[in-house]
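Just below is one structure, and these are the notes that go with it.
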Amino acid sequence: MYTLNNIKIIIADSYEQMSIDAAEIFLRQLSDKNDSIMGLATGGTPVGMYKELIKKYNEGTVCFSKMHAFNLDEYYPIKKTNDQSYDYFMKDNLFNHININFDNIDIPNGEADDPEKECDRYEQKIIEKGGIDFQLLGIGLNGHIGFNEPTEAFSSKTNCVNLQESTIKANARFFETEEQVPRKAISMGIKTIMMAKKIMLICSGANKADIIKKTIFGPITPMVPASVLQMHRDVTFVLDREAAVDIESFL
Ligand code: GLP
């Protein structure tokens, strides 16, 4: 474990090892506090970690029945039945395979009539639950966390976001065509994320090496949303070697 600019860094040899290390940290949180409020993330990166959690559950060594899950974000608008919705993703990649209580799952509602109201409802529910104990994050190529895209100012609460062209293009790989990617999303805000007691960001692959370096060393700026994490009191990055290649000489 290394520390750079207030950020604890673990470097794993491969994507598989990154997933195992991240699952271990996640499960340590649950064993310390089995009713933890866990903030969860989507995207390609956490899939391996979720597989590892399922494996541990099948081995009978962990229990998710008291955990409460809040997802970071959801496309808008999108039907829950759409296999590219984050609602579908979370069930398919994790929730359907572990003993989480489905009443303890919160995901922004991509079917809400009024997205602004949905943002307020979601933020309020997180506050009512006492805030997030442990937030899992991935990172977009442009430094977004959740769906907080680079912009002029850090967003505070859960908000409705216009996706940037680069994000639409990056996420098009999951859809049949680029046109099918929703242009908006509902995302926890930067302040919502920063209020989490602990944060773990996972990242894999050479194409993210540059944004990882900017996040850790760059100025703290809303143009690189993840750079705000330098100001968090308990944040750990679990990276595979390829994603860490640009910071290795500083370790
Ligand atoms: C998506 C999600 C993020 C995720 C990011 C990276 O847009 N909203 O939460 O971290 O993209 O995704 P991937 O892990 O597929 O690179």
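Ligands are numbered from 1 in the order shown, chains are lettered A, B, ... in the order of the structure tokens, and residues start at 1 in each chain.
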Worksheet entry | Within 6 Å of ligand 1 (only C-alpha atoms and all ligand atoms), residues as a ChimeraX atom specification | /A:41-45,137-140,145-147
Practice prompt. Quick one: everything within 6 Å of A:Ile9, counting only C-alpha atoms, minus sequence neighbours fewer than 2 positions away in the same chain. Send it as an MDAnalysis selection string.
Written response: chainID A and resid 1:3 236:237
Practice prompt. Give me the residues within 9 Å of A:Ser14 as an MDAnalysis selection string, counting only C-alpha atoms and dropping any in the same chain fewer than 4 places off.
Written response: chainID A and resid 18:19 204 239:242
Store the residues picked out above in a file with C-alpha atoms, as a PDB file, in the first residue's frame.
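Once everything was written out, this is selection-v6.pdb:
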```pdb
ATOM      1  CA  MET A  18      -7.716  -6.006  -8.572  1.00  0.00           C
ATOM      2  CA  SER A  19     -11.201  -7.535  -8.322  1.00  0.00           C
ATOM      3  CA  SER A 204      -8.212  -1.085 -14.726  1.00  0.00           C
ATOM      4  CA  LEU A 239      -5.624  -0.189  -9.588  1.00  0.00           C
ATOM      5  CA  ASP A 240      -4.303  -2.817 -11.900  1.00  0.00           C
ATOM      6  CA  ARG A 241      -0.747  -2.377 -13.132  1.00  0.00           C
ATOM      7  CA  GLU A 242      -1.815  -0.953 -16.503  1.00  0.00           C
TER       8      GLU A 242
END
```
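Residues surrounding stretch 20-37 of chain A within 8 Å are Ala12, Glu16, Gln17, Met18, Gly39, Gly48, Met49, Tyr50, Glu52, Leu53, Val62, Cys63, Phe64, Lys66, Met67, His68, Ala69, Phe70, Lys129, Gly131, Ile132, Asp133, Phe134, Met200, Ile202 and Val238 of chain A [only C-alpha atoms; sequence separation below 2 positions excluded].
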Discussion item. Considering only C-alpha atoms, can you say which of A:Ile220, A:Cys203, A:Leu229, A:Val161 comes closest to A:Lys191?
Written reply: A:Leu229
Contact table stretch 106-162 of chain A vs stretch 75-90 of chain A, cut-off 9 Å, shortest pair per residue, only C-alpha atoms, as CSV:
```
residue,atom,partner,partner_atom,distance
A:Ile107,CA,A:Asp87,CA,6.5
A:Pro108,CA,A:Asp87,CA,8.4
A:Asn109,CA,A:Lys80,CA,8.1
A:Gly110,CA,A:Tyr76,CA,4.8
A:Glu111,CA,A:Lys79,CA,5.7
A:Ala112,CA,A:Pro77,CA,7.8
A:Asp113,CA,A:Pro77,CA,9.0
A:Pro115,CA,A:Tyr76,CA,7.9
A:Phe147,CA,A:Tyr75,CA,9.0
A:Cys160,CA,A:Tyr76,CA,8.2
A:Val161,CA,A:Tyr76,CA,8.8
```
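For A:Ile168, the set of protein, DNA and RNA residues having any atom at most 8 Å away, when counting only C-alpha atoms and skipping those fewer than 3 positions along the same chain, is Leu163, Gln164, Glu165, Asn171, Ala172, Glu178, Val181, Pro182 and Arg183 of chain A.
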Practice prompt. Show which residues sit within 12 Å of A:Gln124, as a PyMOL selection string. Count only C-alpha atoms, and ignore same-chain residues fewer than 3 positions away.
Written response: chain A and resi 106+108+117-121+127-131+157-158+188+192
Worksheet entry | strand (DSSP E) call set, DSSP backbone run, stretch 18-223 of chain A, as a ChimeraX atom specification | /A:37-40,68-71,73-76,105-106,134-137,159-162,184-187,198-203
Selection from above, N, CA, C and O atoms, as a CSV table (one decimal), in the first residue's frame, can you write it?
```
chain,number,residue,atom,x,y,z
A,37,ILE,N,-24.3,1.0,5.0
A,37,ILE,CA,-24.9,1.6,3.8
A,37,ILE,C,-23.8,1.6,2.8
A,37,ILE,O,-22.9,2.4,2.9
A,38,MET,N,-24.0,0.8,1.7
A,38,MET,CA,-22.9,0.6,0.7
A,38,MET,C,-23.4,1.4,-0.6
A,38,MET,O,-24.5,1.1,-1.1
A,39,GLY,N,-22.5,2.2,-1.1
A,39,GLY,CA,-22.8,2.9,-2.3
A,39,GLY,C,-22.2,2.0,-3.4
A,39,GLY,O,-21.0,1.7,-3.4
A,40,LEU,N,-23.0,1.7,-4.4
A,40,LEU,CA,-22.5,0.8,-5.5
A,40,LEU,C,-22.4,1.4,-6.8
A,40,LEU,O,-23.0,2.4,-7.1
A,68,HIS,N,-27.4,-2.3,3.2
A,68,HIS,CA,-28.3,-1.4,2.4
A,68,HIS,C,-27.5,-0.9,1.2
A,68,HIS,O,-26.4,-0.4,1.4
A,69,ALA,N,-28.1,-1.0,0.0
A,69,ALA,CA,-27.3,-0.5,-1.2
A,69,ALA,C,-28.0,0.7,-1.8
A,69,ALA,O,-29.2,0.7,-2.0
A,70,PHE,N,-27.2,1.7,-2.1
A,70,PHE,CA,-27.6,2.8,-2.9
A,70,PHE,C,-26.7,2.9,-4.1
A,70,PHE,O,-25.5,3.0,-4.0
A,71,ASN,N,-27.4,2.9,-5.3
A,71,ASN,CA,-26.5,3.0,-6.5
A,71,ASN,C,-26.2,4.4,-6.8
A,71,ASN,O,-27.0,5.3,-6.6
A,73,ASP,N,-25.9,5.9,-9.7
A,73,ASP,CA,-26.5,6.6,-10.9
A,73,ASP,C,-27.4,5.7,-11.7
A,73,ASP,O,-27.4,4.5,-11.5
A,74,GLU,N,-28.1,6.3,-12.6
A,74,GLU,CA,-28.9,5.6,-13.5
A,74,GLU,C,-29.1,6.4,-14.8
A,74,GLU,O,-29.2,7.7,-14.7
A,75,TYR,N,-29.2,5.8,-15.9
A,75,TYR,CA,-29.5,6.6,-17.1
A,75,TYR,C,-30.9,7.2,-17.0
A,75,TYR,O,-31.8,6.7,-16.2
A,76,TYR,N,-31.2,8.3,-17.8
A,76,TYR,CA,-32.5,8.8,-17.8
A,76,TYR,C,-32.9,9.3,-19.2
A,76,TYR,O,-32.1,10.0,-19.8
A,105,ILE,N,-32.6,-2.0,-1.3
A,105,ILE,CA,-31.9,-1.6,-2.5
A,105,ILE,C,-32.5,-0.3,-3.0
A,105,ILE,O,-33.7,-0.2,-3.2
A,106,ASP,N,-31.7,0.7,-3.2
A,106,ASP,CA,-32.1,1.9,-3.8
A,106,ASP,C,-31.3,2.3,-5.0
A,106,ASP,O,-30.1,2.3,-5.0
A,134,PHE,N,-19.8,3.4,2.9
A,134,PHE,CA,-18.7,2.9,2.0
A,134,PHE,C,-19.1,3.1,0.6
A,134,PHE,O,-20.1,2.5,0.2
A,135,GLN,N,-18.4,3.9,-0.1
A,135,GLN,CA,-18.8,4.2,-1.5
A,135,GLN,C,-17.8,3.5,-2.5
A,135,GLN,O,-16.6,3.9,-2.5
A,136,LEU,N,-18.3,2.7,-3.4
A,136,LEU,CA,-17.5,2.1,-4.4
A,136,LEU,C,-17.6,3.0,-5.7
A,136,LEU,O,-18.7,3.4,-6.0
A,137,LEU,N,-16.5,3.3,-6.3
A,137,LEU,CA,-16.5,4.2,-7.5
A,137,LEU,C,-15.7,3.5,-8.6
A,137,LEU,O,-14.7,2.9,-8.4
A,159,ASN,N,-28.2,14.8,-8.9
A,159,ASN,CA,-28.7,15.8,-9.9
A,159,ASN,C,-28.9,15.1,-11.3
A,159,ASN,O,-28.4,14.0,-11.5
A,160,CYS,N,-29.6,15.8,-12.1
A,160,CYS,CA,-29.8,15.3,-13.5
A,160,CYS,C,-28.7,15.9,-14.4
A,160,CYS,O,-28.5,17.1,-14.4
A,161,VAL,N,-28.1,15.0,-15.1
A,161,VAL,CA,-26.9,15.3,-15.8
A,161,VAL,C,-27.0,15.1,-17.3
A,161,VAL,O,-27.7,14.1,-17.8
A,162,ASN,N,-26.5,16.0,-18.1
A,162,ASN,CA,-26.4,15.7,-19.6
A,162,ASN,C,-25.1,15.0,-19.9
A,162,ASN,O,-24.0,15.5,-19.5
A,184,LYS,N,-29.1,11.5,-21.0
A,184,LYS,CA,-29.1,12.1,-19.6
A,184,LYS,C,-29.0,11.0,-18.6
A,184,LYS,O,-29.1,9.8,-18.9
A,185,ALA,N,-28.7,11.4,-17.4
A,185,ALA,CA,-28.6,10.4,-16.3
A,185,ALA,C,-28.9,11.1,-15.0
A,185,ALA,O,-28.9,12.4,-14.9
A,186,ILE,N,-29.3,10.3,-14.0
A,186,ILE,CA,-29.5,10.9,-12.6
A,186,ILE,C,-28.3,10.3,-11.9
A,186,ILE,O,-28.0,9.1,-11.9
A,187,SER,N,-27.6,11.2,-11.2
A,187,SER,CA,-26.3,10.8,-10.5
A,187,SER,C,-26.2,11.4,-9.1
A,187,SER,O,-26.6,12.6,-8.9
A,198,LYS,N,-16.2,6.2,3.8
A,198,LYS,CA,-15.0,5.6,3.2
A,198,LYS,C,-15.3,5.6,1.7
A,198,LYS,O,-16.5,5.3,1.3
A,199,ILE,N,-14.3,5.7,0.9
A,199,ILE,CA,-14.4,5.6,-0.6
A,199,ILE,C,-13.4,4.6,-1.1
A,199,ILE,O,-12.2,4.7,-0.7
A,200,MET,N,-13.8,3.8,-2.0
A,200,MET,CA,-12.9,2.9,-2.7
A,200,MET,C,-13.1,3.1,-4.2
A,200,MET,O,-14.2,2.8,-4.7
A,201,LEU,N,-12.1,3.5,-5.0
A,201,LEU,CA,-12.2,3.7,-6.4
A,201,LEU,C,-11.4,2.5,-7.1
A,201,LEU,O,-10.3,2.3,-6.7
A,202,ILE,N,-12.0,1.8,-8.0
A,202,ILE,CA,-11.3,0.8,-8.7
A,202,ILE,C,-11.1,1.2,-10.2
A,202,ILE,O,-12.0,1.8,-10.8
A,203,CYS,N,-10.0,0.8,-10.7
A,203,CYS,CA,-9.7,1.2,-12.1
A,203,CYS,C,-8.7,0.2,-12.8
A,203,CYS,O,-7.8,-0.3,-12.1
```
Worksheet entry | Interatomic distance (Å, one decimal) between atom CA of A:Ala243 and atom CA of A:Gly218 | 16.0 Å
Worksheet item: Among stretch 31-166 of chain A, which residues carry a DSSP assignment of alpha helix (DSSP H), reported as a ChimeraX atom specification?
Response: /A:31-32,47-58,86-93,115-128,165-166
Mind dumping the selected residues with N, CA and C atoms as a compact mmCIF listing (two decimals), in the first residue's frame?
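Contents of part28.txt, as written:
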```txt
# COMPACT_ATOMS: atom_id res chain seq x y z
N SER A 31 -17.94 -6.90 7.37
CA SER A 31 -17.71 -7.68 8.58
C SER A 31 -17.55 -6.76 9.79
N ASP A 32 -17.06 -5.52 9.57
CA ASP A 32 -17.00 -4.54 10.67
C ASP A 32 -18.40 -4.05 11.04
N VAL A 47 -17.49 -5.49 -12.49
CA VAL A 47 -18.08 -6.81 -12.75
C VAL A 47 -17.27 -7.93 -12.08
N GLY A 48 -15.95 -7.86 -12.20
CA GLY A 48 -15.09 -8.89 -11.60
C GLY A 48 -15.19 -8.90 -10.08
N MET A 49 -15.29 -7.71 -9.50
CA MET A 49 -15.42 -7.64 -8.05
C MET A 49 -16.76 -8.23 -7.60
N TYR A 50 -17.82 -7.93 -8.35
CA TYR A 50 -19.13 -8.48 -8.01
C TYR A 50 -19.11 -10.01 -8.12
N LYS A 51 -18.41 -10.53 -9.15
CA LYS A 51 -18.28 -12.00 -9.29
C LYS A 51 -17.61 -12.59 -8.06
N GLU A 52 -16.61 -11.90 -7.58
CA GLU A 52 -15.87 -12.36 -6.40
C GLU A 52 -16.77 -12.34 -5.16
N LEU A 53 -17.60 -11.32 -5.03
CA LEU A 53 -18.54 -11.26 -3.89
C LEU A 53 -19.51 -12.44 -3.95
N ILE A 54 -19.98 -12.74 -5.17
CA ILE A 54 -20.92 -13.86 -5.34
C ILE A 54 -20.23 -15.18 -4.97
N LYS A 55 -18.96 -15.29 -5.40
CA LYS A 55 -18.20 -16.50 -5.09
C LYS A 55 -18.09 -16.69 -3.56
N LYS A 56 -17.75 -15.62 -2.87
CA LYS A 56 -17.62 -15.70 -1.42
C LYS A 56 -18.97 -16.04 -0.78
N TYR A 57 -20.03 -15.48 -1.34
CA TYR A 57 -21.37 -15.78 -0.81
C TYR A 57 -21.68 -17.27 -0.99
N ASN A 58 -21.37 -17.81 -2.17
CA ASN A 58 -21.63 -19.23 -2.44
C ASN A 58 -20.79 -20.15 -1.57
N TYR A 86 -29.15 0.49 -15.29
CA TYR A 86 -28.30 0.11 -14.17
C TYR A 86 -29.09 -0.72 -13.14
N ASP A 87 -30.42 -0.54 -13.17
CA ASP A 87 -31.28 -1.37 -12.34
C ASP A 87 -31.10 -2.84 -12.75
N TYR A 88 -31.19 -3.07 -14.05
CA TYR A 88 -31.04 -4.43 -14.60
C TYR A 88 -29.62 -4.95 -14.33
N PHE A 89 -28.64 -4.09 -14.58
CA PHE A 89 -27.23 -4.46 -14.39
C PHE A 89 -26.97 -4.96 -12.97
N MET A 90 -27.47 -4.21 -12.00
CA MET A 90 -27.17 -4.56 -10.60
C MET A 90 -27.81 -5.89 -10.22
N LYS A 91 -29.04 -6.11 -10.71
CA LYS A 91 -29.70 -7.39 -10.41
C LYS A 91 -28.95 -8.53 -11.08
N ASP A 92 -28.61 -8.31 -12.34
CA ASP A 92 -27.98 -9.35 -13.14
C ASP A 92 -26.56 -9.68 -12.65
N ASN A 93 -25.83 -8.66 -12.25
CA ASN A 93 -24.42 -8.88 -11.87
C ASN A 93 -24.19 -9.12 -10.39
N PRO A 115 -37.73 14.04 -13.31
CA PRO A 115 -36.38 13.68 -12.86
C PRO A 115 -35.86 14.55 -11.72
N GLU A 116 -36.24 15.83 -11.72
CA GLU A 116 -35.75 16.73 -10.65
C GLU A 116 -36.29 16.27 -9.29
N LYS A 117 -37.59 15.91 -9.29
CA LYS A 117 -38.21 15.41 -8.05
C LYS A 117 -37.53 14.13 -7.62
N GLU A 118 -37.21 13.28 -8.58
CA GLU A 118 -36.57 12.00 -8.28
C GLU A 118 -35.19 12.24 -7.65
N CYS A 119 -34.45 13.23 -8.16
CA CYS A 119 -33.14 13.57 -7.58
C CYS A 119 -33.31 13.96 -6.12
N ASP A 120 -34.31 14.81 -5.83
CA ASP A 120 -34.52 15.26 -4.45
C ASP A 120 -34.91 14.09 -3.56
N ARG A 121 -35.79 13.24 -4.06
CA ARG A 121 -36.24 12.08 -3.28
C ARG A 121 -35.05 11.19 -2.93
N TYR A 122 -34.19 10.98 -3.93
CA TYR A 122 -33.06 10.07 -3.75
C TYR A 122 -32.08 10.63 -2.71
N GLU A 123 -31.77 11.91 -2.87
CA GLU A 123 -30.84 12.56 -1.93
C GLU A 123 -31.38 12.48 -0.50
N GLN A 124 -32.69 12.75 -0.39
CA GLN A 124 -33.35 12.74 0.92
C GLN A 124 -33.27 11.36 1.57
N LYS A 125 -33.47 10.34 0.74
CA LYS A 125 -33.45 8.96 1.27
C LYS A 125 -32.05 8.61 1.80
N ILE A 126 -31.01 9.06 1.09
CA ILE A 126 -29.63 8.80 1.56
C ILE A 126 -29.43 9.49 2.91
N ILE A 127 -29.91 10.72 3.01
CA ILE A 127 -29.76 11.47 4.28
C ILE A 127 -30.52 10.77 5.40
N GLU A 128 -31.77 10.36 5.10
CA GLU A 128 -32.58 9.66 6.12
C GLU A 128 -31.88 8.41 6.64
N GLU A 165 -20.38 13.82 -24.95
CA GLU A 165 -20.19 13.01 -26.15
C GLU A 165 -19.22 11.83 -25.90
N SER A 166 -18.13 12.11 -25.17
CA SER A 166 -17.13 11.06 -24.95
C SER A 166 -17.70 9.93 -24.09
```
